[in-house]
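Novice: Just so it is clear, I am handing over query-v5.cif, which has mmCIF, C-alpha atoms.
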data_start
#
loop_
_atom_site.label_atom_id
_atom_site.label_comp_id
_atom_site.auth_asym_id
_atom_site.auth_seq_id
_atom_site.Cartn_x
_atom_site.Cartn_y
_atom_site.Cartn_z
CA MET A 1 -50.38 12.74 -41.63
CA SER A 2 -52.57 12.22 -38.58
CA ARG A 3 -51.53 13.61 -35.21
CA PRO A 4 -50.88 11.08 -32.39
CA SER A 5 -53.72 10.62 -29.98
CA HIS A 6 -53.55 11.69 -26.32
CA ARG A 7 -53.22 7.99 -25.29
CA ASP A 8 -50.30 7.48 -27.68
CA GLN A 9 -48.55 10.50 -26.19
CA GLN A 10 -48.93 9.01 -22.69
CA ARG A 11 -47.54 5.64 -23.85
CA SER A 12 -44.55 7.28 -25.50
CA ALA A 13 -43.83 9.24 -22.32
CA VAL A 14 -43.69 6.19 -20.05
CA PRO A 15 -40.28 4.78 -21.15
CA ALA A 16 -38.66 8.17 -20.75
CA ALA A 17 -39.97 8.47 -17.20
CA ARG A 18 -38.77 5.08 -15.98
CA PRO A 19 -35.01 5.87 -15.68
CA ALA A 20 -35.77 8.82 -13.43
CA THR A 21 -37.69 6.63 -10.97
CA ALA A 22 -35.67 3.42 -11.34
CA PRO A 23 -33.69 2.25 -8.30
CA ALA A 24 -29.98 3.05 -8.19
CA PRO A 25 -27.69 0.35 -9.58
CA ALA A 26 -26.16 -2.18 -7.21
CA SER A 27 -22.76 -0.48 -7.37
CA ALA A 28 -24.04 2.83 -5.95
CA PRO A 29 -23.14 2.13 -2.29
CA ALA A 30 -19.47 1.94 -3.31
CA ALA A 31 -19.59 5.68 -3.98
CA ASP A 32 -19.18 6.34 -0.23
CA PRO A 33 -15.41 6.99 0.09
CA ARG A 34 -15.33 6.41 3.85
CA PRO A 35 -17.44 3.40 4.86
CA THR A 36 -17.58 2.67 8.55
CA HIS A 37 -16.24 -0.65 9.84
CA PRO A 38 -15.63 -1.90 13.36
CA LEU A 39 -12.00 -1.89 14.41
CA PRO A 40 -10.41 -5.36 14.07
CA THR A 41 -10.16 -7.04 17.48
CA LEU A 42 -6.88 -8.79 16.67
CA ASP A 43 -5.23 -5.53 15.62
CA LEU A 44 -6.41 -3.83 18.81
CA LEU A 45 -4.88 -6.65 20.88
CA LEU A 46 -1.62 -6.41 18.94
CA LEU A 47 -1.62 -2.64 19.45
CA ALA A 48 -2.01 -3.16 23.20
CA VAL A 49 1.00 -5.51 23.17
CA SER A 50 2.94 -2.92 21.16
CA ILE A 51 2.18 -0.16 23.66
CA GLY A 52 3.23 -2.41 26.53
CA GLY A 53 6.55 -3.20 24.85
CA ILE A 54 7.28 0.44 24.04
CA SER A 55 6.32 1.54 27.56
CA LEU A 56 8.86 -0.87 29.01
CA SER A 57 11.66 0.70 26.96
CA GLY A 58 12.40 3.76 29.10
CA PRO A 59 12.42 2.08 32.52
CA LEU A 60 14.41 -0.90 31.21
CA ILE A 61 17.08 1.34 29.68
CA SER A 62 17.28 3.33 32.89
CA ALA A 63 17.69 0.14 34.94
CA THR A 64 20.30 -1.56 32.73
CA ALA A 65 23.83 -1.20 34.14
CA ALA A 66 25.53 -0.49 30.81
CA PRO A 67 26.30 2.72 28.88
CA ALA A 68 23.24 4.05 27.08
CA LEU A 69 25.07 4.24 23.73
CA ALA A 70 26.23 0.64 24.04
CA ILE A 71 22.66 -0.47 24.80
CA ALA A 72 21.44 1.35 21.69
CA PHE A 73 24.14 -0.27 19.56
CA TRP A 74 23.52 -3.83 20.71
CA ARG A 75 19.77 -3.38 20.52
CA ASN A 76 20.03 -2.70 16.80
CA VAL A 77 22.71 -5.32 16.15
CA MET A 78 20.52 -7.97 17.75
CA SER A 79 17.51 -6.81 15.74
CA VAL A 80 19.50 -7.18 12.52
CA GLY A 81 20.58 -10.65 13.66
CA VAL A 82 16.95 -11.67 14.13
CA LEU A 83 15.51 -10.03 11.00
CA GLY A 84 18.48 -10.67 8.69
CA PRO A 85 18.03 -14.40 8.01
CA TYR A 86 14.30 -14.00 7.32
CA ALA A 87 14.83 -10.99 5.06
CA LEU A 88 17.61 -12.70 3.11
CA LEU A 89 15.47 -15.83 2.73
CA ARG A 90 12.16 -14.23 1.72
CA HIS A 91 13.19 -10.85 0.28
CA ARG A 92 16.54 -11.54 -1.36
CA ALA A 93 15.37 -10.51 -4.83
CA GLU A 94 13.84 -7.31 -3.50
CA LEU A 95 16.98 -6.38 -1.61
CA ARG A 96 19.06 -6.85 -4.75
CA GLY A 97 16.66 -4.72 -6.80
CA ILE A 98 16.29 -1.73 -4.47
CA GLY A 99 16.75 1.43 -6.49
CA ARG A 100 19.52 3.88 -5.70
CA ARG A 101 17.16 6.59 -4.47
CA ALA A 102 15.27 4.24 -2.13
CA LEU A 103 18.55 2.82 -0.82
CA LEU A 104 19.97 6.28 -0.08
CA LEU A 105 16.76 7.34 1.65
CA ALA A 106 16.75 4.15 3.74
CA ILE A 107 20.37 4.80 4.76
CA ALA A 108 19.49 8.40 5.63
CA ALA A 109 16.54 7.18 7.72
CA GLY A 110 18.79 4.72 9.52
CA THR A 111 21.28 7.50 10.24
CA LEU A 112 18.55 9.66 11.78
CA LEU A 113 17.32 6.69 13.81
CA GLY A 114 20.86 6.27 15.14
CA VAL A 115 20.93 9.95 16.11
CA HIS A 116 17.54 9.49 17.78
CA PHE A 117 18.83 6.61 19.92
CA ALA A 118 22.09 8.42 20.68
CA LEU A 119 20.15 11.41 22.03
CA TRP A 120 17.17 9.84 23.74
CA MET A 121 18.75 6.93 25.59
CA PRO A 122 21.29 9.12 27.46
CA SER A 123 18.47 11.53 28.32
CA LEU A 124 16.85 8.78 30.40
CA ARG A 125 19.88 8.90 32.72
CA MET A 126 19.75 12.71 33.04
CA THR A 127 16.07 13.42 33.66
CA SER A 128 13.07 11.40 34.81
CA VAL A 129 11.65 8.61 32.63
CA ALA A 130 8.31 10.43 32.56
CA SER A 131 9.86 13.69 31.30
CA ALA A 132 12.11 12.04 28.71
CA THR A 133 9.28 9.88 27.37
CA ALA A 134 6.81 12.76 27.19
CA LEU A 135 9.30 14.95 25.33
CA VAL A 136 10.42 12.29 22.85
CA THR A 137 6.80 11.55 21.92
CA THR A 138 6.57 15.07 20.49
CA THR A 139 7.62 13.45 17.21
CA PRO A 140 4.20 14.19 15.60
CA LEU A 141 4.71 17.90 16.32
CA TRP A 142 8.12 17.95 14.64
CA THR A 143 6.64 15.99 11.73
CA ILE A 144 3.96 18.66 11.23
CA LEU A 145 6.58 21.43 11.31
CA LEU A 146 8.86 19.63 8.86
CA MET A 147 5.95 18.97 6.50
CA ARG A 148 5.00 22.65 6.68
CA LEU A 149 8.52 23.54 5.56
CA MET A 150 7.93 21.16 2.63
CA GLY A 151 4.79 23.08 1.66
CA VAL A 152 2.14 20.83 3.25
CA ARG A 153 -0.54 22.80 5.12
CA ALA A 154 -2.02 21.26 8.25
CA PRO A 155 -5.60 21.76 9.55
CA ARG A 156 -6.24 24.31 12.27
CA MET A 157 -6.78 21.64 14.92
CA VAL A 158 -3.30 20.30 14.22
CA TRP A 159 -1.77 23.70 14.83
CA LEU A 160 -3.89 24.16 17.95
CA GLY A 161 -2.62 20.84 19.26
CA THR A 162 0.93 21.84 18.40
CA VAL A 163 0.64 25.06 20.41
CA VAL A 164 -0.93 23.23 23.38
CA ALA A 165 1.71 20.50 23.38
CA PHE A 166 4.61 22.95 23.18
CA ALA A 167 3.06 24.90 26.05
CA GLY A 168 3.25 21.69 28.05
CA VAL A 169 6.86 21.25 26.94
CA LEU A 170 7.74 24.72 28.24
CA VAL A 171 6.08 23.99 31.59
CA LEU A 172 7.84 20.63 31.91
CA THR A 173 11.27 22.03 31.05
CA GLY A 174 10.69 24.84 33.53
CA VAL A 175 9.97 22.26 36.23
CA ASP A 176 13.15 20.33 35.40
CA LEU A 177 15.20 23.54 35.31
CA SER A 178 14.17 24.16 38.90
CA LEU A 179 15.56 20.71 39.76
CA SER A 180 18.98 20.87 38.07
CA PRO A 181 20.71 21.97 34.83
CA ARG A 182 21.40 18.28 34.18
CA ALA A 183 17.67 17.54 34.06
CA LEU A 184 17.16 20.44 31.66
CA LEU A 185 19.91 19.08 29.40
CA GLY A 186 18.17 15.70 29.46
CA ASP A 187 14.96 17.42 28.34
CA ALA A 188 16.81 19.08 25.47
CA LEU A 189 18.26 15.75 24.34
CA ALA A 190 14.80 14.13 24.45
CA LEU A 191 13.30 16.95 22.37
CA ALA A 192 16.11 16.67 19.81
CA ALA A 193 15.55 12.92 19.74
CA GLY A 194 11.91 13.55 18.86
CA LEU A 195 13.01 15.78 15.98
CA ALA A 196 15.40 13.11 14.67
CA ALA A 197 12.60 10.53 14.89
CA ALA A 198 10.34 12.81 12.83
CA GLY A 199 12.88 12.94 10.03
CA TYR A 200 13.32 9.18 10.27
CA MET A 201 9.55 8.62 9.94
CA LEU A 202 9.17 10.95 6.96
CA LEU A 203 12.04 9.32 5.08
CA GLY A 204 10.79 5.86 5.98
CA ALA A 205 7.29 6.64 4.70
CA GLU A 206 8.82 7.63 1.35
CA VAL A 207 10.92 4.47 1.13
CA ARG A 208 8.00 2.18 1.98
CA LYS A 209 6.14 3.36 -1.10
CA THR A 210 8.36 1.06 -3.14
CA VAL A 211 10.09 -1.20 -0.58
CA SER A 212 8.53 -3.73 1.79
CA THR A 213 8.65 -3.15 5.52
CA THR A 214 11.02 -6.10 5.99
CA GLY A 215 13.48 -4.93 3.35
CA TYR A 216 13.42 -1.36 4.57
CA THR A 217 13.76 -2.36 8.22
CA LEU A 218 16.83 -4.49 7.55
CA VAL A 219 18.66 -1.70 5.69
CA CYS A 220 17.57 0.89 8.25
CA TYR A 221 18.55 -1.09 11.36
CA ALA A 222 21.87 -2.13 9.83
CA THR A 223 22.68 1.51 9.08
CA THR A 224 21.64 2.51 12.60
CA ALA A 225 23.97 -0.10 14.08
CA VAL A 226 26.91 1.18 12.00
CA VAL A 227 26.20 4.81 12.98
CA LEU A 228 25.97 3.91 16.67
CA LEU A 229 29.18 1.88 16.44
CA GLY A 230 30.99 4.94 15.11
CA ILE A 231 29.54 7.13 17.87
CA CYS A 232 30.56 4.61 20.51
CA LEU A 233 34.12 4.42 19.17
CA VAL A 234 34.46 8.21 19.03
CA ALA A 235 33.02 8.60 22.53
CA GLY A 236 35.16 5.78 23.91
CA THR A 237 32.08 3.85 25.09
CA PRO A 238 32.85 0.26 26.15
CA LEU A 239 30.84 -2.35 24.25
CA ALA A 240 31.40 -5.35 26.50
CA GLY A 241 32.53 -6.44 29.96
CA TRP A 242 29.18 -6.64 31.75
CA PRO A 243 27.61 -9.51 33.69
CA ALA A 244 25.19 -11.91 32.03
CA GLY A 245 22.20 -10.19 33.62
CA VAL A 246 22.92 -6.99 31.67
CA TRP A 247 23.02 -8.88 28.38
CA TRP A 248 19.67 -10.48 29.16
CA GLN A 249 18.23 -7.03 29.85
CA ILE A 250 19.44 -5.84 26.46
CA VAL A 251 17.89 -8.90 24.80
CA LEU A 252 14.62 -8.19 26.62
CA LEU A 253 14.75 -4.59 25.44
CA MET A 254 15.31 -5.71 21.85
CA VAL A 255 12.39 -8.15 21.95
CA THR A 256 9.89 -5.91 23.75
CA ALA A 257 10.62 -2.41 22.46
CA GLN A 258 12.08 -3.09 19.02
CA LEU A 259 10.48 -6.28 17.68
CA LEU A 260 7.15 -6.30 19.55
CA GLY A 261 6.79 -2.56 20.08
CA HIS A 262 7.75 -0.86 16.84
CA SER A 263 7.19 -3.83 14.52
CA LEU A 264 3.62 -4.46 15.73
CA SER A 265 2.80 -0.76 15.47
CA ASN A 266 3.94 -0.83 11.84
CA ARG A 267 1.75 -3.89 11.27
CA VAL A 268 -1.53 -2.62 12.71
CA VAL A 269 -1.33 0.91 11.30
CA ARG A 270 -2.52 -0.42 7.94
CA ASN A 271 -5.90 -1.51 9.34
CA LEU A 272 -6.36 0.82 12.32
CA GLY A 273 -5.09 3.93 10.56
CA PRO A 274 -2.47 6.45 11.63
CA SER A 275 -4.88 8.42 13.84
CA VAL A 276 -5.81 5.52 16.12
CA THR A 277 -2.28 4.13 16.18
CA SER A 278 -0.49 7.42 16.87
CA THR A 279 -2.99 8.40 19.56
CA ALA A 280 -2.63 5.02 21.28
CA ILE A 281 1.16 5.28 21.25
CA LEU A 282 0.79 8.35 23.46
CA LEU A 283 -0.09 5.89 26.23
CA GLU A 284 3.64 5.17 26.31
CA THR A 285 4.13 8.23 28.51
CA PRO A 286 1.84 7.27 31.42
CA GLY A 287 2.78 3.61 30.95
CA ALA A 288 6.50 4.30 31.22
CA ALA A 289 5.95 6.66 34.17
CA LEU A 290 3.93 4.02 36.03
CA ILE A 291 6.50 1.27 35.41
CA ALA A 292 9.35 3.57 36.47
CA ALA A 293 7.49 4.52 39.65
CA LEU A 294 6.62 0.96 40.68
CA TRP A 295 9.86 -0.71 39.53
CA LEU A 296 12.51 1.98 40.04
CA GLY A 297 10.78 4.10 42.67
CA GLN A 298 11.21 7.08 40.31
CA TRP A 299 8.38 9.48 41.10
CA PRO A 300 8.49 12.77 39.12
CA PRO A 301 7.79 16.02 41.00
CA ALA A 302 4.11 16.84 41.40
CA ALA A 303 4.39 19.88 39.11
CA ALA A 304 5.48 17.64 36.22
CA TYR A 305 2.19 15.74 36.01
CA PRO A 306 0.05 18.66 34.74
CA ALA A 307 2.71 19.42 32.12
CA VAL A 308 2.68 15.82 30.88
CA VAL A 309 -1.13 15.92 30.68
CA VAL A 310 -0.99 19.13 28.61
CA ILE A 311 1.54 17.55 26.23
CA LEU A 312 -0.67 14.48 25.77
CA LEU A 313 -3.73 16.67 25.20
CA GLY A 314 -1.91 18.57 22.48
CA LEU A 315 -0.78 15.36 20.80
CA VAL A 316 -4.34 14.00 20.84
CA LEU A 317 -5.51 17.18 19.09
CA VAL A 318 -2.74 16.75 16.52
CA ALA A 319 -3.79 13.15 15.87
CA ARG A 320 -7.47 14.05 15.50
CA GLY A 321 -6.69 17.01 13.26
CA GLY A 322 -4.38 14.87 11.14
CA ARG A 323 -7.20 12.37 10.63
CA ARG A 324 -9.41 15.12 9.20
#
Can you give me the file's structure in the form of structure tokens?
Specialist:
Amino acid sequence: MSRPSHRDQQRSAVPAARPATAPAPASAPAADPRPTHPLPTLDLLLLAVSIGGISLSGPLISATAAPALAIAFWRNVMSVGVLGPYALLRHRAELRGIGRRALLLAIAAGTLLGVHFALWMPSLRMTSVASATALVTTTPLWTILLMRLMGVRAPRMVWLGTVVAFAGVLVLTGVDLSLSPRALLGDALALAAGLAAAGYMLLGAEVRKTVSTTGYTLVCYATTAVVLLGICLVAGTPLAGWPAGVWWQIVLLMVTAQLLGHSLSNRVVRNLGPSVTSTAILLETPGAALIAALWLGQWPPAAAYPAVVVILLGLVLVARGGRR
């Protein structure tokens, strides 16, 4: 048998070399797990509307001449009245087929949301709008702590932001303590409201894995209304007997803060991501403080402003760390 010539060896080597130098297949770019895309303009506009609606919540509650618990109750009842017909028309089959676990979690989330409203809305009458809003937006911090208890470890930047934000909380509560014990109690209620909101968000995130936002929202808001009704009855809070202007203020609160504010935030978070959305929601604090100052003439003490800035800085660090 004759040995292959040198030229034959070169020819036989060529096909083996081609795959190594061939261009990557067309599907290779899809291997990048985090492609960069510009943020959708429409979602950014909707987020701006959402922040405006949420920012109006605190000053509007403070200005409405009705008990805070009654405002919270009617706000949720009206929301159910608006969302109910649509949900029953478009999501009737889903509502009938909600599993027992998802239903119980949605009811639990609605209960915590009722506790959140019952704590935060009275706090607006006891301390400044700026302080109450800054303290209730500590929800991301409570969420991190609750998740840590569940075994989820957070990045270092998240913990750094948590420490910074709580340092701001201590400074702010110290400022309010120098004003009056009532203001300090309002701060405590706002902080507890942030904790209740964290539990509400964690439960809601679990429910929304299997239930649409509309179906979940209807069950949650209906439960919240029932919980607040019970609290109002126990506390002896009147639920009627106000002039027409007060009712229109409650309707405005329901439309701006509940339907436009929270609903639009839930809509845009899918495209913008939780980091951008949660960081933008922090603008509620300066927005509410500005509206309260211009509309109600409610200017917080000068020492409160640095504390609010520290809280916001900590929350920004938490949002950035959570994105990583």
Novice: May I ask which of the residues A:Thr217, A:Ser265, A:Thr64, A:Gln298 is the closest one to Ile51 of chain A, counting all atoms listed in the file?
Specialist: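 Counting all atoms listed in the file, the residue closest to Ile51 of chain A is A:Ser265.
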Novice: Which residues fall under the PyMOL selection byres ((chain A and resi 187-195) around 7) in this file, as a count of residues only?
Specialist: 22
Novice: Could you state which residues are captured by the PyMOL selection byres ((chain A and resi 79) around 10) in this file, as an MDAnalysis selection string?
Specialist: chainID A and resid 74:78 80:84 217:218 221:222 225 251 254:255 258:259
Novice: Between A:Leu233, A:Ile281, A:Leu141, A:Val207, single out the one closest to Ile54 of chain A, counting all atoms listed in the file.
Specialist: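 That would be A:Ile281, the residue with the smallest distance to Ile54 of chain A.
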Novice: Evaluate the PyMOL selection byres ((chain A and resi 63) around 12) here and jot the selected residues down as a list in words.
Specialist: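 Against this file, the PyMOL selection byres ((chain A and resi 63) around 12) returns the residues Leu56, Ser57, Gly58, Pro59, Leu60, Ile61, Ser62, Thr64, Ala65, Ala66, Pro67, Ala68, Ile71, Met121, Leu124, Arg125, Val129, Gly245, Val246, Gln249, Ile250, Leu253, Ile291, Ala292, Trp295, Leu296, Gly297 and Gln298 of chain A.
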Novice: Would you export the selected residues with C-alpha atoms as a JSON list (two decimals), in the frame of the given file, please?
Specialist:
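Okay, this is what ended up in again-v9.json:
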[["chain", "number", "residue", "atom", "x", "y", "z"],
["A", 56, "LEU", "CA", 8.86, -0.87, 29.01],
["A", 57, "SER", "CA", 11.66, 0.70, 26.96],
["A", 58, "GLY", "CA", 12.40, 3.76, 29.10],
["A", 59, "PRO", "CA", 12.42, 2.08, 32.52],
["A", 60, "LEU", "CA", 14.41, -0.90, 31.21],
["A", 61, "ILE", "CA", 17.08, 1.34, 29.68],
["A", 62, "SER", "CA", 17.28, 3.33, 32.89],
["A", 64, "THR", "CA", 20.30, -1.56, 32.73],
["A", 65, "ALA", "CA", 23.83, -1.20, 34.14],
["A", 66, "ALA", "CA", 25.53, -0.49, 30.81],
["A", 67, "PRO", "CA", 26.30, 2.72, 28.88],
["A", 68, "ALA", "CA", 23.24, 4.05, 27.08],
["A", 71, "ILE", "CA", 22.66, -0.47, 24.80],
["A", 121, "MET", "CA", 18.75, 6.93, 25.59],
["A", 124, "LEU", "CA", 16.85, 8.78, 30.40],
["A", 125, "ARG", "CA", 19.88, 8.90, 32.72],
["A", 129, "VAL", "CA", 11.65, 8.61, 32.63],
["A", 245, "GLY", "CA", 22.20, -10.19, 33.62],
["A", 246, "VAL", "CA", 22.92, -6.99, 31.67],
["A", 249, "GLN", "CA", 18.23, -7.03, 29.85],
["A", 250, "ILE", "CA", 19.44, -5.84, 26.46],
["A", 253, "LEU", "CA", 14.75, -4.59, 25.44],
["A", 291, "ILE", "CA", 6.50, 1.27, 35.41],
["A", 292, "ALA", "CA", 9.35, 3.57, 36.47],
["A", 295, "TRP", "CA", 9.86, -0.71, 39.53],
["A", 296, "LEU", "CA", 12.51, 1.98, 40.04],
["A", 297, "GLY", "CA", 10.78, 4.10, 42.67],
["A", 298, "GLN", "CA", 11.21, 7.08, 40.31]]
Novice: How many Å lie between atom CA of Val268 of chain A and atom CA of Lys209 of chain A, rounded to one decimal?
Specialist: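 Distance reported for this atom pair: 16.9 Å.
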Novice: One decimal, Å: what's the distance from atom CA of Val219 of chain A over to atom CA of Ile144 of chain A, could you say?
Specialist: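 Going from atom CA of Val219 of chain A over to atom CA of Ile144 of chain A covers 25.7 Å.
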Novice: Could you tell me how far atom CA of Ser50 of chain A lies from atom CA of Ala134 of chain A, in Å and to one decimal?
Specialist: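 Between atom CA of Ser50 of chain A and atom CA of Ala134 of chain A the gap is 17.2 Å.
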Novice: Using only C-alpha atoms for the distances, tell me which of A:Gly52, A:Gly230, A:Gly321, A:Gly314 is nearest to Gly114 of chain A.
Specialist: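 Looking only at the distances to Gly114 of chain A, the closest residue turns out to be A:Gly230.
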Novice: Could you tell me which of A:Pro286, A:Leu69, A:Val49, A:Arg101 comes closest to Ala240 of chain A if we count all atoms listed in the file?
Specialist: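 Using all atoms listed in the file, the shortest distance to Ala240 of chain A belongs to A:Leu69.
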Novice: Set up a box along x, y and z of the file covering all listed atoms of segment 297-308 of chain A, add 8 Å on every one of the six sides, and write the centre and edge lengths in Å to one decimal, as AutoDock Vina command-line options.
Specialist:
--center_x 5.6 --center_y 12.0 --center_z 36.8 --size_x 27.2 --size_y 31.8 --size_z 27.8
Novice: Excluding Ala130 of chain A and its own-chain neighbours fewer than 5 positions away, which residues fall within 7 Å of it when counting all atoms listed in the file? Please give them as a list of chain:residue names.
Specialist: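 Those residues are A:Thr285, A:Ala288, A:Ala289, A:Pro300.
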Novice: Nearest to Val316 of chain A: which of A:Met157, A:Leu103, A:Ile98, A:Met126 is it, counting all atoms listed in the file?
Specialist: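 Counting all atoms listed in the file, the residue closest to Val316 of chain A is A:Met157.
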Novice: Residues proximal to (10.7, 2.6, 5.6) were defined as those with any atom within 12 Å of that point in the file's coordinates, counting all atoms listed in the file. Which are they, as a PDB file with C-alpha atoms, in the frame of the given file?
Specialist:
ATOM      1  CA  ALA A 102      15.270   4.240  -2.130  1.00  0.00           C
ATOM      2  CA  LEU A 103      18.550   2.820  -0.820  1.00  0.00           C
ATOM      3  CA  LEU A 104      19.970   6.280  -0.080  1.00  0.00           C
ATOM      4  CA  LEU A 105      16.760   7.340   1.650  1.00  0.00           C
ATOM      5  CA  ALA A 106      16.750   4.150   3.740  1.00  0.00           C
ATOM      6  CA  ILE A 107      20.370   4.800   4.760  1.00  0.00           C
ATOM      7  CA  ALA A 108      19.490   8.400   5.630  1.00  0.00           C
ATOM      8  CA  ALA A 109      16.540   7.180   7.720  1.00  0.00           C
ATOM      9  CA  GLY A 110      18.790   4.720   9.520  1.00  0.00           C
ATOM     10  CA  LEU A 113      17.320   6.690  13.810  1.00  0.00           C
ATOM     11  CA  GLY A 199      12.880  12.940  10.030  1.00  0.00           C
ATOM     12  CA  TYR A 200      13.320   9.180  10.270  1.00  0.00           C
ATOM     13  CA  MET A 201       9.550   8.620   9.940  1.00  0.00           C
ATOM     14  CA  LEU A 202       9.170  10.950   6.960  1.00  0.00           C
ATOM     15  CA  LEU A 203      12.040   9.320   5.080  1.00  0.00           C
ATOM     16  CA  GLY A 204      10.790   5.860   5.980  1.00  0.00           C
ATOM     17  CA  ALA A 205       7.290   6.640   4.700  1.00  0.00           C
ATOM     18  CA  GLU A 206       8.820   7.630   1.350  1.00  0.00           C
ATOM     19  CA  VAL A 207      10.920   4.470   1.130  1.00  0.00           C
ATOM     20  CA  ARG A 208       8.000   2.180   1.980  1.00  0.00           C
ATOM     21  CA  LYS A 209       6.140   3.360  -1.100  1.00  0.00           C
ATOM     22  CA  THR A 210       8.360   1.060  -3.140  1.00  0.00           C
ATOM     23  CA  VAL A 211      10.090  -1.200  -0.580  1.00  0.00           C
ATOM     24  CA  SER A 212       8.530  -3.730   1.790  1.00  0.00           C
ATOM     25  CA  THR A 213       8.650  -3.150   5.520  1.00  0.00           C
ATOM     26  CA  THR A 214      11.020  -6.100   5.990  1.00  0.00           C
ATOM     27  CA  GLY A 215      13.480  -4.930   3.350  1.00  0.00           C
ATOM     28  CA  TYR A 216      13.420  -1.360   4.570  1.00  0.00           C
ATOM     29  CA  THR A 217      13.760  -2.360   8.220  1.00  0.00           C
ATOM     30  CA  LEU A 218      16.830  -4.490   7.550  1.00  0.00           C
ATOM     31  CA  VAL A 219      18.660  -1.700   5.690  1.00  0.00           C
ATOM     32  CA  CYS A 220      17.570   0.890   8.250  1.00  0.00           C
ATOM     33  CA  TYR A 221      18.550  -1.090  11.360  1.00  0.00           C
ATOM     34  CA  SER A 263       7.190  -3.830  14.520  1.00  0.00           C
ATOM     35  CA  ASN A 266       3.940  -0.830  11.840  1.00  0.00           C
TER      36      ASN A 266
END
